[in-house]
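A.B. asks: input_35.tsv is the file, holding TSV, C-alpha atoms:
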chain	number	residue	atom	x	y	z
A	1	MET	CA	63.20	89.07	106.28
A	2	ALA	CA	62.48	89.12	110.00
A	3	ASN	CA	60.45	86.31	111.54
A	4	LYS	CA	57.13	87.61	112.77
A	5	PRO	CA	56.48	87.03	116.48
A	6	SER	CA	54.09	84.14	116.98
A	7	THR	CA	52.07	85.90	119.71
A	8	PRO	CA	50.84	89.47	119.36
A	9	LYS	CA	52.19	91.95	121.92
A	10	PRO	CA	50.44	95.05	123.29
A	11	SER	CA	52.89	97.32	121.46
A	12	SER	CA	54.20	95.69	118.28
A	13	PRO	CA	57.62	96.73	116.87
A	14	ALA	CA	55.95	98.45	113.92
A	15	THR	CA	53.81	100.77	116.05
A	16	GLY	CA	56.00	101.37	119.13
A	17	SER	CA	58.22	104.38	119.81
A	18	PHE	CA	61.48	104.90	117.89
A	19	TRP	CA	63.35	103.35	120.83
A	20	GLN	CA	61.03	100.30	120.95
A	21	ARG	CA	61.29	99.77	117.20
A	22	ASN	CA	65.10	100.03	117.18
A	23	ARG	CA	66.01	98.91	120.70
A	24	ARG	CA	68.55	96.26	119.67
A	25	GLU	CA	70.23	98.45	117.05
A	26	LEU	CA	70.41	101.51	119.32
A	27	THR	CA	71.70	99.43	122.24
A	28	PHE	CA	74.44	98.12	119.96
A	29	LEU	CA	75.43	101.60	118.74
A	30	ILE	CA	75.44	103.15	122.23
A	31	LEU	CA	77.39	100.25	123.75
A	32	PHE	CA	79.88	100.38	120.85
A	33	VAL	CA	80.56	104.10	121.33
A	34	VAL	CA	80.87	103.75	125.13
A	35	ILE	CA	83.26	100.77	124.96
A	36	LEU	CA	85.31	102.39	122.18
A	37	GLY	CA	85.56	105.79	123.90
A	38	GLY	CA	86.36	104.12	127.24
A	39	SER	CA	89.06	101.89	125.81
A	40	PHE	CA	90.76	104.73	123.92
A	41	THR	CA	90.65	106.96	126.99
A	42	LEU	CA	92.21	104.08	128.94
A	43	ILE	CA	95.12	103.65	126.51
A	44	SER	CA	95.71	107.42	126.50
A	45	LEU	CA	96.73	107.21	130.18
A	46	ASN	CA	100.51	107.34	130.54
A	47	TRP	CA	100.64	104.37	132.92
A	48	VAL	CA	98.64	102.12	130.57
A	49	ASN	CA	100.66	103.33	127.59
A	50	ASP	CA	103.99	102.65	129.34
A	51	HIS	CA	103.06	99.29	130.88
A	52	ALA	CA	100.82	97.76	128.21
A	53	VAL	CA	100.86	99.54	124.83
A	54	GLU	CA	104.62	100.16	124.59
A	55	PRO	CA	105.64	96.55	125.48
A	56	PHE	CA	102.99	95.26	123.06
A	57	THR	CA	104.34	97.57	120.33
A	58	ALA	CA	107.90	96.45	121.09
A	59	GLY	CA	106.72	92.86	120.61
A	60	ILE	CA	105.33	93.80	117.20
A	61	ALA	CA	108.64	95.47	116.30
A	62	LYS	CA	110.50	92.32	117.34
A	63	MET	CA	108.27	90.03	115.26
A	64	SER	CA	108.37	92.34	112.24
A	65	GLY	CA	112.15	92.58	112.52
A	66	GLY	CA	112.34	88.78	112.64
A	67	VAL	CA	110.29	88.51	109.43
A	68	LEU	CA	112.45	91.17	107.75
A	69	ARG	CA	115.60	89.22	108.71
A	70	VAL	CA	114.13	86.05	107.18
A	71	MET	CA	113.57	88.14	104.03
A	72	GLY	CA	117.27	89.03	103.95
A	73	GLN	CA	117.10	92.53	105.46
A	74	ASN	CA	119.97	93.37	107.78
A	75	VAL	CA	117.86	94.98	110.52
A	76	THR	CA	118.36	95.66	114.20
A	77	MET	CA	115.61	96.29	116.74
A	78	ALA	CA	115.64	98.56	119.80
A	79	GLY	CA	112.35	98.92	121.64
A	80	THR	CA	109.78	100.03	119.07
A	81	VAL	CA	112.43	100.96	116.45
A	82	ILE	CA	113.47	98.81	113.48
A	83	ARG	CA	116.46	100.05	111.50
A	84	ASN	CA	118.97	99.08	108.86
A	85	PRO	CA	121.69	101.24	107.29
A	86	ARG	CA	119.23	102.68	104.74
A	87	PHE	CA	116.03	103.26	106.72
A	88	ALA	CA	114.47	103.22	110.19
A	89	VAL	CA	110.88	103.10	111.45
A	90	ASN	CA	109.57	103.79	114.92
A	91	ILE	CA	106.28	101.96	115.45
A	92	ARG	CA	103.90	104.29	117.26
A	93	ASN	CA	100.22	104.28	118.20
A	94	GLY	CA	98.25	104.11	114.99
A	95	CYS	CA	100.72	101.62	113.48
A	96	ASN	CA	100.51	98.84	116.06
A	97	GLY	CA	97.06	97.58	115.11
A	98	VAL	CA	95.69	98.55	118.54
A	99	GLU	CA	93.11	100.94	117.05
A	100	ALA	CA	91.73	98.31	114.68
A	101	MET	CA	91.74	95.76	117.52
A	102	LEU	CA	89.82	98.09	119.86
A	103	ILE	CA	87.23	98.89	117.18
A	104	PHE	CA	86.81	95.17	116.54
A	105	ILE	CA	86.65	94.32	120.27
A	106	ALA	CA	84.11	97.10	120.96
A	107	ALA	CA	81.92	95.94	118.06
A	108	VAL	CA	82.06	92.26	119.11
A	109	LEU	CA	81.28	93.02	122.76
A	110	ALA	CA	78.44	95.41	121.88
A	111	PHE	CA	76.74	93.02	119.46
A	112	PRO	CA	74.02	90.71	120.83
A	113	ALA	CA	75.64	87.28	120.68
A	114	SER	CA	76.44	84.38	123.00
A	115	TRP	CA	79.68	84.65	124.99
A	116	LYS	CA	81.03	81.57	123.21
A	117	SER	CA	80.56	83.28	119.81
A	118	ARG	CA	82.09	86.48	121.16
A	119	LEU	CA	85.17	84.81	122.62
A	120	THR	CA	85.78	82.77	119.48
A	121	GLY	CA	85.31	85.90	117.34
A	122	LEU	CA	87.65	87.93	119.52
A	123	ALA	CA	90.40	85.31	119.49
A	124	LEU	CA	90.34	84.73	115.73
A	125	GLY	CA	89.66	88.37	114.82
A	126	ILE	CA	92.48	89.79	116.93
A	127	LEU	CA	94.85	87.19	115.51
A	128	ALA	CA	93.81	88.06	111.93
A	129	ILE	CA	94.17	91.81	112.55
A	130	GLN	CA	97.65	91.33	113.98
A	131	VAL	CA	98.69	89.16	111.02
A	132	VAL	CA	97.54	91.93	108.64
A	133	ASN	CA	99.34	94.49	110.80
A	134	LEU	CA	102.55	92.44	110.68
A	135	VAL	CA	102.30	92.48	106.87
A	136	ARG	CA	101.76	96.27	107.09
A	137	VAL	CA	104.89	96.93	109.17
A	138	VAL	CA	107.06	94.70	106.98
A	139	ALA	CA	105.63	96.21	103.76
A	140	LEU	CA	106.08	99.75	105.09
A	141	PHE	CA	109.69	99.10	106.04
A	142	LEU	CA	110.41	97.72	102.56
A	143	THR	CA	108.58	100.70	101.03
A	144	GLY	CA	110.80	103.03	103.05
A	145	VAL	CA	113.92	101.22	101.86
A	146	TYR	CA	113.06	100.84	98.17
A	147	PHE	CA	110.30	103.43	97.42
A	148	PRO	CA	110.80	106.24	99.98
A	149	LYS	CA	108.79	108.75	97.92
A	150	ILE	CA	105.53	106.88	98.49
A	151	PHE	CA	106.21	106.04	102.14
A	152	ASP	CA	104.02	108.83	103.60
A	153	THR	CA	100.96	108.00	101.52
A	154	SER	CA	101.47	104.30	102.03
A	155	HIS	CA	101.88	104.79	105.79
A	156	THR	CA	98.98	107.08	106.59
A	157	VAL	CA	96.44	106.33	103.90
A	158	ILE	CA	96.83	102.95	102.24
A	159	TRP	CA	97.76	100.72	105.16
A	160	GLN	CA	95.62	102.51	107.76
A	161	THR	CA	92.64	101.96	105.47
A	162	ILE	CA	93.52	98.32	104.83
A	163	VAL	CA	93.95	97.45	108.52
A	164	ILE	CA	90.81	99.25	109.75
A	165	LEU	CA	88.72	98.01	106.83
A	166	CYS	CA	89.99	94.51	107.54
A	167	GLY	CA	88.80	94.80	111.17
A	168	VAL	CA	85.39	96.10	110.12
A	169	LEU	CA	84.87	93.46	107.41
A	170	LEU	CA	85.95	90.72	109.81
A	171	TRP	CA	83.34	91.94	112.28
A	172	ILE	CA	80.58	92.05	109.65
A	173	PHE	CA	81.52	88.53	108.53
A	174	TRP	CA	81.57	87.29	112.14
A	175	ALA	CA	78.29	89.00	113.09
A	176	ASN	CA	76.48	87.65	110.06
A	177	ARG	CA	77.89	84.16	109.98
A	178	PHE	CA	78.99	83.15	113.46
A	179	ALA	CA	77.28	85.41	116.00
A	180	THR	CA	74.66	83.10	117.42
A	181	PRO	CA	72.11	85.08	119.46
A	182	PRO	CA	72.28	84.56	123.24
A	183	ALA	CA	69.89	81.92	124.56
A	184	SER	CA	67.67	84.53	126.25
A	185	GLU	CA	67.23	86.51	123.04
A	186	PRO	CA	65.34	85.07	120.05
A	187	ALA	CA	66.80	85.64	116.60
A	188	THR	CA	65.12	88.30	114.51
B	1	MET	CA	77.27	94.40	93.05
B	2	THR	CA	76.33	90.80	93.80
B	3	THR	CA	72.59	90.39	93.63
B	4	ALA	CA	72.09	86.62	93.52
B	5	LYS	CA	69.72	85.25	96.16
B	6	SER	CA	71.46	83.02	98.64
B	7	SER	CA	71.19	81.90	102.24
B	8	PRO	CA	71.11	84.65	104.89
B	9	ARG	CA	74.49	83.54	106.21
B	10	ASN	CA	76.07	84.53	102.86
B	11	TRP	CA	75.08	88.20	103.25
B	12	GLY	CA	78.28	89.02	105.14
B	13	LEU	CA	80.45	87.13	102.68
B	14	GLN	CA	78.80	88.95	99.76
B	15	LEU	CA	79.47	92.26	101.48
B	16	VAL	CA	83.15	91.39	101.99
B	17	LEU	CA	83.55	90.38	98.33
B	18	ASN	CA	81.72	93.51	97.13
B	19	ALA	CA	83.95	95.64	99.37
B	20	LEU	CA	87.07	94.18	97.74
B	21	LEU	CA	85.63	95.04	94.31
B	22	TRP	CA	84.80	98.62	95.30
B	23	VAL	CA	88.17	99.51	96.87
B	24	ILE	CA	89.93	100.58	93.64
B	25	PRO	CA	87.05	102.65	92.10
B	26	VAL	CA	86.39	104.44	95.40
B	27	ALA	CA	90.13	105.09	95.91
B	28	LEU	CA	90.37	106.66	92.44
B	29	VAL	CA	87.43	109.01	93.10
B	30	TRP	CA	88.86	109.93	96.51
B	31	LEU	CA	92.32	110.62	95.03
B	32	LEU	CA	90.85	112.87	92.32
B	33	ALA	CA	88.68	114.77	94.79
B	34	THR	CA	91.38	115.18	97.45
B	35	PRO	CA	92.98	118.51	96.31
B	36	VAL	CA	89.58	120.21	95.97
B	37	TYR	CA	88.27	118.73	99.22
B	38	ASN	CA	91.43	119.80	101.09
B	39	ARG	CA	90.86	123.41	99.97
B	40	PHE	CA	87.21	123.25	101.02
B	41	LEU	CA	88.10	121.79	104.43
B	42	LEU	CA	90.75	124.44	105.14
B	43	GLY	CA	88.38	127.27	104.20
B	44	SER	CA	85.52	125.89	106.31
B	45	ALA	CA	87.70	125.09	109.32
B	46	GLU	CA	89.31	128.55	109.15
B	47	ASN	CA	85.84	130.12	109.34
B	48	LEU	CA	84.95	127.88	112.29
B	49	VAL	CA	88.15	128.80	114.18
B	50	ARG	CA	87.50	132.48	113.55
B	51	LEU	CA	84.08	132.16	115.18
B	52	THR	CA	85.93	131.44	118.43
B	53	GLU	CA	88.40	134.35	118.30
B	54	SER	CA	88.15	138.11	118.25
B	55	PRO	CA	89.83	139.73	116.41
B	56	ASN	CA	90.46	137.08	113.72
B	57	MET	CA	94.04	135.90	114.04
B	58	THR	CA	94.12	132.46	112.43
B	59	ASN	CA	94.83	131.61	108.81
B	60	LEU	CA	94.92	128.04	107.51
B	61	LEU	CA	97.32	128.15	104.57
B	62	ARG	CA	97.72	125.47	101.96
B	63	LYS	CA	101.34	124.33	101.61
B	64	ASP	CA	100.74	121.90	98.74
B	65	ASP	CA	98.06	119.41	97.69
B	66	HIS	CA	98.31	117.57	101.02
B	67	PHE	CA	99.85	119.76	103.75
B	68	ALA	CA	98.70	122.95	105.46
B	69	TYR	CA	100.08	125.52	107.90
B	70	VAL	CA	98.36	127.15	110.85
B	71	GLN	CA	99.35	130.82	110.78
B	72	ARG	CA	98.78	133.35	113.56
B	73	ARG	CA	98.77	136.92	112.33
B	74	ASP	CA	99.60	138.37	115.75
B	75	PHE	CA	102.96	136.54	115.82
B	76	PRO	CA	106.15	137.97	114.30
B	77	PRO	CA	106.30	137.08	110.55
B	78	SER	CA	109.27	134.75	111.03
B	79	LYS	CA	107.36	132.76	113.68
B	80	SER	CA	103.81	133.09	112.38
B	81	LEU	CA	103.59	129.56	110.94
B	82	VAL	CA	102.98	127.87	114.27
B	83	HIS	CA	101.93	124.38	113.21
B	84	SER	CA	101.61	122.17	110.14
B	85	PHE	CA	99.54	119.08	109.45
B	86	ARG	CA	98.65	116.73	106.60
B	87	VAL	CA	95.11	117.58	105.54
B	88	THR	CA	94.75	114.41	103.48
B	89	ASP	CA	95.16	112.34	106.67
B	90	VAL	CA	92.02	113.95	108.06
B	91	HIS	CA	89.70	112.43	105.51
B	92	PHE	CA	91.06	109.10	104.27
B	93	HIS	CA	88.18	107.50	106.18
B	94	LEU	CA	85.98	108.62	103.26
B	95	LEU	CA	87.59	105.74	101.39
B	96	MET	CA	86.32	103.23	103.97
B	97	LEU	CA	82.95	104.95	104.06
B	98	GLY	CA	82.46	104.69	100.30
B	99	VAL	CA	83.54	101.06	100.19
B	100	LEU	CA	81.33	99.99	103.12
B	101	PHE	CA	78.21	101.78	101.90
B	102	LEU	CA	78.51	100.66	98.28
B	103	ALA	CA	79.24	97.05	99.21
B	104	VAL	CA	75.98	96.31	101.05
B	105	PRO	CA	74.18	93.51	99.19
B	106	ARG	CA	70.43	93.21	98.53
B	107	VAL	CA	69.70	96.91	99.01
B	108	PRO	CA	68.18	98.99	96.17
B	109	TRP	CA	70.63	101.44	94.59
B	110	ARG	CA	68.41	104.43	95.37
B	111	ARG	CA	68.44	103.68	99.11
B	112	LYS	CA	72.15	102.85	99.00
B	113	LEU	CA	73.04	106.21	97.40
B	114	GLU	CA	70.71	108.17	99.70
B	115	ASN	CA	72.34	106.61	102.75
B	116	LEU	CA	75.82	107.25	101.32
B	117	GLY	CA	74.90	110.89	100.70
B	118	TRP	CA	73.80	111.42	104.31
B	119	ALA	CA	76.89	109.61	105.61
B	120	VAL	CA	79.22	111.75	103.46
B	121	LEU	CA	77.51	114.91	104.71
B	122	ILE	CA	77.98	113.89	108.35
B	123	THR	CA	81.62	112.97	107.60
B	124	ILE	CA	82.27	116.41	106.07
B	125	PHE	CA	81.05	118.09	109.29
B	126	PHE	CA	83.23	115.69	111.30
B	127	ASP	CA	86.30	116.53	109.17
B	128	ILE	CA	85.81	120.28	109.67
B	129	LEU	CA	85.44	119.73	113.42
B	130	LEU	CA	88.60	117.60	113.48
B	131	ILE	CA	90.69	120.35	111.84
B	132	PHE	CA	89.21	122.81	114.35
B	133	PHE	CA	90.47	120.50	117.13
B	134	TYR	CA	93.91	120.24	115.42
B	135	VAL	CA	94.22	124.03	115.56
B	136	LYS	CA	92.98	124.34	119.14
B	137	PHE	CA	95.24	121.46	120.22
B	138	ALA	CA	98.22	123.24	118.66
B	139	TYR	CA	97.35	126.51	120.37
B	140	ALA	CA	96.71	124.87	123.76
B	141	THR	CA	99.67	122.51	123.94
B	142	GLN	CA	102.30	123.13	121.25
B	143	LEU	CA	103.33	126.77	121.59
B	144	GLY	CA	105.31	126.62	124.86
B	145	ALA	CA	105.02	129.74	127.03
B	146	TRP	CA	102.28	131.20	124.80
B	147	SER	CA	100.11	128.10	125.33
B	148	LEU	CA	100.66	128.20	129.10
B	149	GLU	CA	99.77	131.88	129.18
B	150	HIS	CA	96.53	131.54	127.19
B	151	TYR	CA	95.23	128.09	128.13
B	152	GLY	CA	94.68	126.70	131.63
B	153	ALA	CA	95.23	123.11	132.73
B	154	PHE	CA	91.61	122.11	132.05
B	155	SER	CA	91.67	123.63	128.56
B	156	ARG	CA	94.92	121.91	127.66
B	157	ASN	CA	93.53	118.54	128.78
B	158	PHE	CA	90.20	119.18	127.03
B	159	TRP	CA	91.74	120.03	123.66
B	160	GLY	CA	94.40	117.32	124.03
B	161	LEU	CA	92.00	114.50	124.90
B	162	GLY	CA	89.41	115.79	122.40
B	163	LYS	CA	91.96	115.79	119.59
B	164	HIS	CA	93.20	112.33	120.62
B	165	LEU	CA	89.69	110.83	120.68
B	166	LEU	CA	88.55	112.49	117.45
B	167	ASP	CA	91.79	111.82	115.58
B	168	LEU	CA	92.15	108.14	116.48
B	169	PRO	CA	89.05	106.19	117.59
B	170	PHE	CA	86.33	108.33	116.09
B	171	LYS	CA	88.11	109.14	112.82
B	172	PHE	CA	88.88	105.46	112.31
B	173	SER	CA	85.50	104.16	113.43
B	174	LEU	CA	83.25	106.86	111.94
B	175	PRO	CA	82.66	104.99	108.65
B	176	PHE	CA	81.75	101.87	110.59
B	177	LEU	CA	79.54	103.80	113.04
B	178	LEU	CA	77.66	105.43	110.18
B	179	TRP	CA	77.42	102.13	108.32
B	180	ALA	CA	76.06	100.47	111.45
B	181	GLY	CA	73.60	103.32	111.94
B	182	PHE	CA	72.15	102.76	108.50
B	183	TYR	CA	72.57	99.01	108.02
B	184	VAL	CA	72.87	97.15	111.33
B	185	LYS	CA	69.13	96.48	111.14
B	186	ASP	CA	69.68	94.73	107.79
B	187	LEU	CA	72.55	92.77	109.31
B	188	MET	CA	70.52	91.69	112.33
B	189	ALA	CA	67.62	90.71	110.08
B	190	GLU	CA	69.96	88.35	108.22
B	191	ILE	CA	70.97	86.51	111.39
B	192	ARG	CA	69.31	83.18	111.98
B	193	PRO	CA	70.06	80.69	114.73
B	194	ARG	CA	72.28	77.93	113.46
B	195	GLU	CA	70.68	74.58	112.90
Take the structure in this file and express it as structure tokens.

C.D. replies:
Amino acid sequence: MANKPSTPKPSSPATGSFWQRNRRELTFLILFVVILGGSFTLISLNWVNDHAVEPFTAGIAKMSGGVLRVMGQNVTMAGTVIRNPRFAVNIRNGCNGVEAMLIFIAAVLAFPASWKSRLTGLALGILAIQVVNLVRVVALFLTGVYFPKIFDTSHTVIWQTIVILCGVLLWIFWANRFATPPASEPAT
Amino acid sequence: MTTAKSSPRNWGLQLVLNALLWVIPVALVWLLATPVYNRFLLGSAENLVRLTESPNMTNLLRKDDHFAYVQRRDFPPSKSLVHSFRVTDVHFHLLMLGVLFLAVPRVPWRRKLENLGWAVLITIFFDILLIFFYVKFAYATQLGAWSLEHYGAFSRNFWGLGKHLLDLPFKFSLPFLLWAGFYVKDLMAEIRPRE
């Protein structure tokens, strides 16, 4: 499937060391882990959590509450909490889509692509992940109101899987279809 | 499941469609295996925790099909259940793993299943390690004066940050990391410069 190089090199990819044969793939994996670990360590700092993550989460609560009101739910919002007389949810880390976003961002930044492809991918991918997350919060609230017995499973298993899988599949789709290699790097 | 030859740029789209088709079958297998796997995880993690303590004081007790208690035998009976957690939450990433590995197009089934087998094995070790960190995190940070007496500031930060990193970014991204480890070469080989 890979195009063969037009000029032979002293050490061809087939005969070089493991690193030489898999340089691009290993660079991607190492960069991905470093960016992901760094970004999650960053958001675990109290200052970052209080000044960035919490206001972002409150924004999600506000938007979700707005959608629920349009759907006829009599909800009130306070910070990251959405409540009505029958049920209340507090949107915490893990439910604000930040994890899926960071995985997506780390994967896009680590992948060899032009900056134009990366920025377009980031903008559209983050938007798509947040739309799916909005659907998650609204669906979970309605599950809590009408089907409280399945709330736990729906919360921690079903929707976590959907949101993360959505981020991963978006990345695969982007990388395969839209990630044009940077000018300095020939396509394989 | 899709095997039709098409342009390289359709590889990703085929994978996404295959993934959607595999979600329900993989979820059913995962649901059926969950009670047995939870028991296996608790037993293995209990043995791992006991390797780090002398004499053995920790029991990991099953509460029901999904929840478990951390019990310390050196605590008074009324206070011996020091922590509880949902075991099923530890391993729902197996669902993503199965879907991602089975959805890869244009790869022979034998290679696909071999890769899935290795990935599941690595994930099982990860899950046992994660429960180990749950227990250590509870001991180091959740038991008030007892935690302060037995764990120093460095230990509390180590187990706290370790549990945070394993439980959020690495638990969520492990299926993708493993998938990338096995298949990113295939993905890169499919990429062509746009005309």

A.B. asks: Record the distance separating CA of Pro76 in chain B and CA of Ser44 in chain B, expressed in Å with one decimal.

C.D. replies: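 Interatomic distance, CA of Pro76 in chain B to CA of Ser44 in chain B: 25.2 Å.
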
A.B. asks: Between A:Ile150, A:Val145, A:Val132, A:Ile30, which is the closest to chain B once you count all atoms listed in the file?

C.D. replies: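 Once distances to chain B are computed over all atoms listed in the file, the minimum belongs to A:Ile30.
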
A.B. asks: Which residues of chain A sit at most 9 Å from chain B, using only C-alpha atoms? Give each one's shortest atom pair and distance in Å (one decimal place), in chain and ascending residue order, as a Markdown table.

C.D. replies:
| residue | atom | partner | partner_atom | distance |
| --- | --- | --- | --- | --- |
| A:Met1 | CA | B:Ala189 | CA | 6.1 |
| A:Ala2 | CA | B:Ala189 | CA | 5.4 |
| A:Asn3 | CA | B:Ala189 | CA | 8.5 |
| A:Asn22 | CA | B:Lys185 | CA | 8.1 |
| A:Arg24 | CA | B:Lys185 | CA | 8.6 |
| A:Glu25 | CA | B:Lys185 | CA | 6.3 |
| A:Leu26 | CA | B:Gly181 | CA | 8.2 |
| A:Phe28 | CA | B:Val184 | CA | 8.8 |
| A:Leu29 | CA | B:Gly181 | CA | 7.2 |
| A:Phe32 | CA | B:Leu177 | CA | 8.5 |
| A:Val33 | CA | B:Leu177 | CA | 8.4 |
| A:Leu36 | CA | B:Pro169 | CA | 7.0 |
| A:Gly37 | CA | B:Pro169 | CA | 7.2 |
| A:Phe40 | CA | B:Pro169 | CA | 6.7 |
| A:Thr41 | CA | B:Leu165 | CA | 7.5 |
| A:Ser44 | CA | B:His164 | CA | 8.1 |
| A:Gly94 | CA | B:Leu168 | CA | 7.5 |
| A:Glu99 | CA | B:Pro169 | CA | 6.7 |
| A:Ala100 | CA | B:Phe172 | CA | 8.1 |
| A:Leu102 | CA | B:Pro169 | CA | 8.4 |
| A:Ile103 | CA | B:Ser173 | CA | 6.7 |
| A:Thr153 | CA | B:Asp89 | CA | 8.9 |
| A:Thr156 | CA | B:Asp89 | CA | 6.5 |
| A:Val157 | CA | B:Phe92 | CA | 6.1 |
| A:Ile158 | CA | B:Phe92 | CA | 8.7 |
| A:Gln160 | CA | B:Phe172 | CA | 8.7 |
| A:Thr161 | CA | B:Met96 | CA | 6.6 |
| A:Ile162 | CA | B:Met96 | CA | 8.8 |
| A:Ile164 | CA | B:Phe172 | CA | 7.0 |
| A:Leu165 | CA | B:Met96 | CA | 6.4 |
| A:Val168 | CA | B:Phe176 | CA | 6.8 |
| A:Leu169 | CA | B:Val16 | CA | 6.1 |
| A:Leu170 | CA | B:Val16 | CA | 8.3 |
| A:Ile172 | CA | B:Gly12 | CA | 5.9 |
| A:Phe173 | CA | B:Gly12 | CA | 4.7 |
| A:Trp174 | CA | B:Gly12 | CA | 7.9 |
| A:Ala175 | CA | B:Leu187 | CA | 7.8 |
| A:Asn176 | CA | B:Gly12 | CA | 5.4 |
| A:Arg177 | CA | B:Arg9 | CA | 5.1 |
| A:Phe178 | CA | B:Arg194 | CA | 8.5 |
| A:Ala179 | CA | B:Ile191 | CA | 7.9 |
| A:Thr180 | CA | B:Pro193 | CA | 5.8 |
| A:Pro181 | CA | B:Pro193 | CA | 6.8 |
| A:Pro186 | CA | B:Pro193 | CA | 8.4 |
| A:Ala187 | CA | B:Arg192 | CA | 5.8 |
| A:Thr188 | CA | B:Ala189 | CA | 5.6 |

A.B. asks: What separation in Å, quoted to one decimal, exists between CA of Ser154 in chain A and CA of Val29 in chain B?

C.D. replies: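 Here the two named atoms are 17.3 Å from each other.
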
A.B. asks: Find the residue from A:Leu124, A:Met101, A:Met63, A:Ala107 that sits nearest to Val34 in chain A; use only C-alpha atoms when measuring.

C.D. replies: A:Ala107

A.B. asks: If you count all atoms listed in the file, which residues fall within 7 Å of Ser84 in chain B, apart from same-chain ones fewer than 3 positions away, as number ranges by chain?

C.D. replies: B: 68-70

A.B. asks: Which value, in Å to one decimal, gives the distance between CA of Thr34 in chain B and CA of Asp167 in chain B?

C.D. replies: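 If I compute the distance from CA of Thr34 in chain B to CA of Asp167 in chain B, I get 18.4 Å.
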
A.B. asks: Give the answer as one residue: which of B:Lys112, B:His83, B:Arg106, B:Lys136 has the shortest atom-to-atom distance to Glu53 in chain B, using only C-alpha atoms?

C.D. replies: B:Lys136

A.B. asks: Set the distance at 8 Å and use only C-alpha atoms: which residues neighbour Trp22 in chain B once local chain neighbours fewer than 3 positions away are removed? I'd like the list as number ranges by chain.

C.D. replies: B: 18-19, 25-26, 99, 102-103

A.B. asks: Could you check which residues have any atom within 10 Å of (90.3, 120.6, 115.2), counting only C-alpha atoms with coordinates taken straight from the file, and then list them as a PyMOL selection string?

C.D. replies: chain B and resi 45+48-49+90+126-138+159+162-163+166-167

A.B. asks: Let's have the selection written as a PDB file, keeping the file's coordinate frame, with C-alpha atoms.

C.D. replies:
ATOM      1  CA  ALA B  45      87.700 125.090 109.320  1.00  0.00           C
ATOM      2  CA  LEU B  48      84.950 127.880 112.290  1.00  0.00           C
ATOM      3  CA  VAL B  49      88.150 128.800 114.180  1.00  0.00           C
ATOM      4  CA  VAL B  90      92.020 113.950 108.060  1.00  0.00           C
ATOM      5  CA  PHE B 126      83.230 115.690 111.300  1.00  0.00           C
ATOM      6  CA  ASP B 127      86.300 116.530 109.170  1.00  0.00           C
ATOM      7  CA  ILE B 128      85.810 120.280 109.670  1.00  0.00           C
ATOM      8  CA  LEU B 129      85.440 119.730 113.420  1.00  0.00           C
ATOM      9  CA  LEU B 130      88.600 117.600 113.480  1.00  0.00           C
ATOM     10  CA  ILE B 131      90.690 120.350 111.840  1.00  0.00           C
ATOM     11  CA  PHE B 132      89.210 122.810 114.350  1.00  0.00           C
ATOM     12  CA  PHE B 133      90.470 120.500 117.130  1.00  0.00           C
ATOM     13  CA  TYR B 134      93.910 120.240 115.420  1.00  0.00           C
ATOM     14  CA  VAL B 135      94.220 124.030 115.560  1.00  0.00           C
ATOM     15  CA  LYS B 136      92.980 124.340 119.140  1.00  0.00           C
ATOM     16  CA  PHE B 137      95.240 121.460 120.220  1.00  0.00           C
ATOM     17  CA  ALA B 138      98.220 123.240 118.660  1.00  0.00           C
ATOM     18  CA  TRP B 159      91.740 120.030 123.660  1.00  0.00           C
ATOM     19  CA  GLY B 162      89.410 115.790 122.400  1.00  0.00           C
ATOM     20  CA  LYS B 163      91.960 115.790 119.590  1.00  0.00           C
ATOM     21  CA  LEU B 166      88.550 112.490 117.450  1.00  0.00           C
ATOM     22  CA  ASP B 167      91.790 111.820 115.580  1.00  0.00           C
TER      23      ASP B 167
END

A.B. asks: Nearest residue to Leu116 in chain B out of B:Gly144, B:Arg39, B:Leu51, B:Trp179, using all atoms listed in the file?

C.D. replies: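 Ranking B:Gly144, B:Arg39, B:Leu51, B:Trp179 by distance to Leu116 in chain B, first place goes to B:Trp179.
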
A.B. asks: Would you compute the box with edges along x, y and z of the file around range 39-50 of chain B, including every atom the file lists for it and 3 Å extra on each side, and give its centre and edge lengths in Å to one decimal, as lines of an AutoDock Vina configuration file?

C.D. replies:
center_x = 87.9
center_y = 127.1
center_z = 107.1
size_x = 11.9
size_y = 16.7
size_z = 20.2

A.B. asks: What's the 10 Å shell around range 49-53 of chain A, counting only C-alpha atoms, without same-chain residues fewer than 4 positions away, as a PyMOL selection string?

C.D. replies: chain A and resi 42-45+57-59+92-93+96+98

A.B. asks: Any chance you can output those residues with C-alpha atoms as a PDB file, in the coordinates of the input?

C.D. replies:
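After the write, part-v4.pdb holds the following:
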ATOM      1  CA  LEU A  42      92.210 104.080 128.940  1.00  0.00           C
ATOM      2  CA  ILE A  43      95.120 103.650 126.510  1.00  0.00           C
ATOM      3  CA  SER A  44      95.710 107.420 126.500  1.00  0.00           C
ATOM      4  CA  LEU A  45      96.730 107.210 130.180  1.00  0.00           C
ATOM      5  CA  THR A  57     104.340  97.570 120.330  1.00  0.00           C
ATOM      6  CA  ALA A  58     107.900  96.450 121.090  1.00  0.00           C
ATOM      7  CA  GLY A  59     106.720  92.860 120.610  1.00  0.00           C
ATOM      8  CA  ARG A  92     103.900 104.290 117.260  1.00  0.00           C
ATOM      9  CA  ASN A  93     100.220 104.280 118.200  1.00  0.00           C
ATOM     10  CA  ASN A  96     100.510  98.840 116.060  1.00  0.00           C
ATOM     11  CA  VAL A  98      95.690  98.550 118.540  1.00  0.00           C
TER      12      VAL A  98
END

A.B. asks: Could you list, as a list in words, every residue within 7 Å of Val137 in chain A, counting only C-alpha atoms and ignoring same-chain residues fewer than 4 positions away?

C.D. replies: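 The filter keeps Ser64, Asn133 and Phe141 of chain A.
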
A.B. asks: How about saving the chosen residues, C-alpha atoms kept, as a short mmCIF file (atom, residue, chain, number, x, y, z; two decimals), in the coordinates of the input?

C.D. replies:
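Output file part.cif follows:
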data_model
loop_
_atom_site.label_atom_id
_atom_site.label_comp_id
_atom_site.auth_asym_id
_atom_site.auth_seq_id
_atom_site.Cartn_x
_atom_site.Cartn_y
_atom_site.Cartn_z
CA SER A 64 108.37 92.34 112.24
CA ASN A 133 99.34 94.49 110.80
CA PHE A 141 109.69 99.10 106.04
#
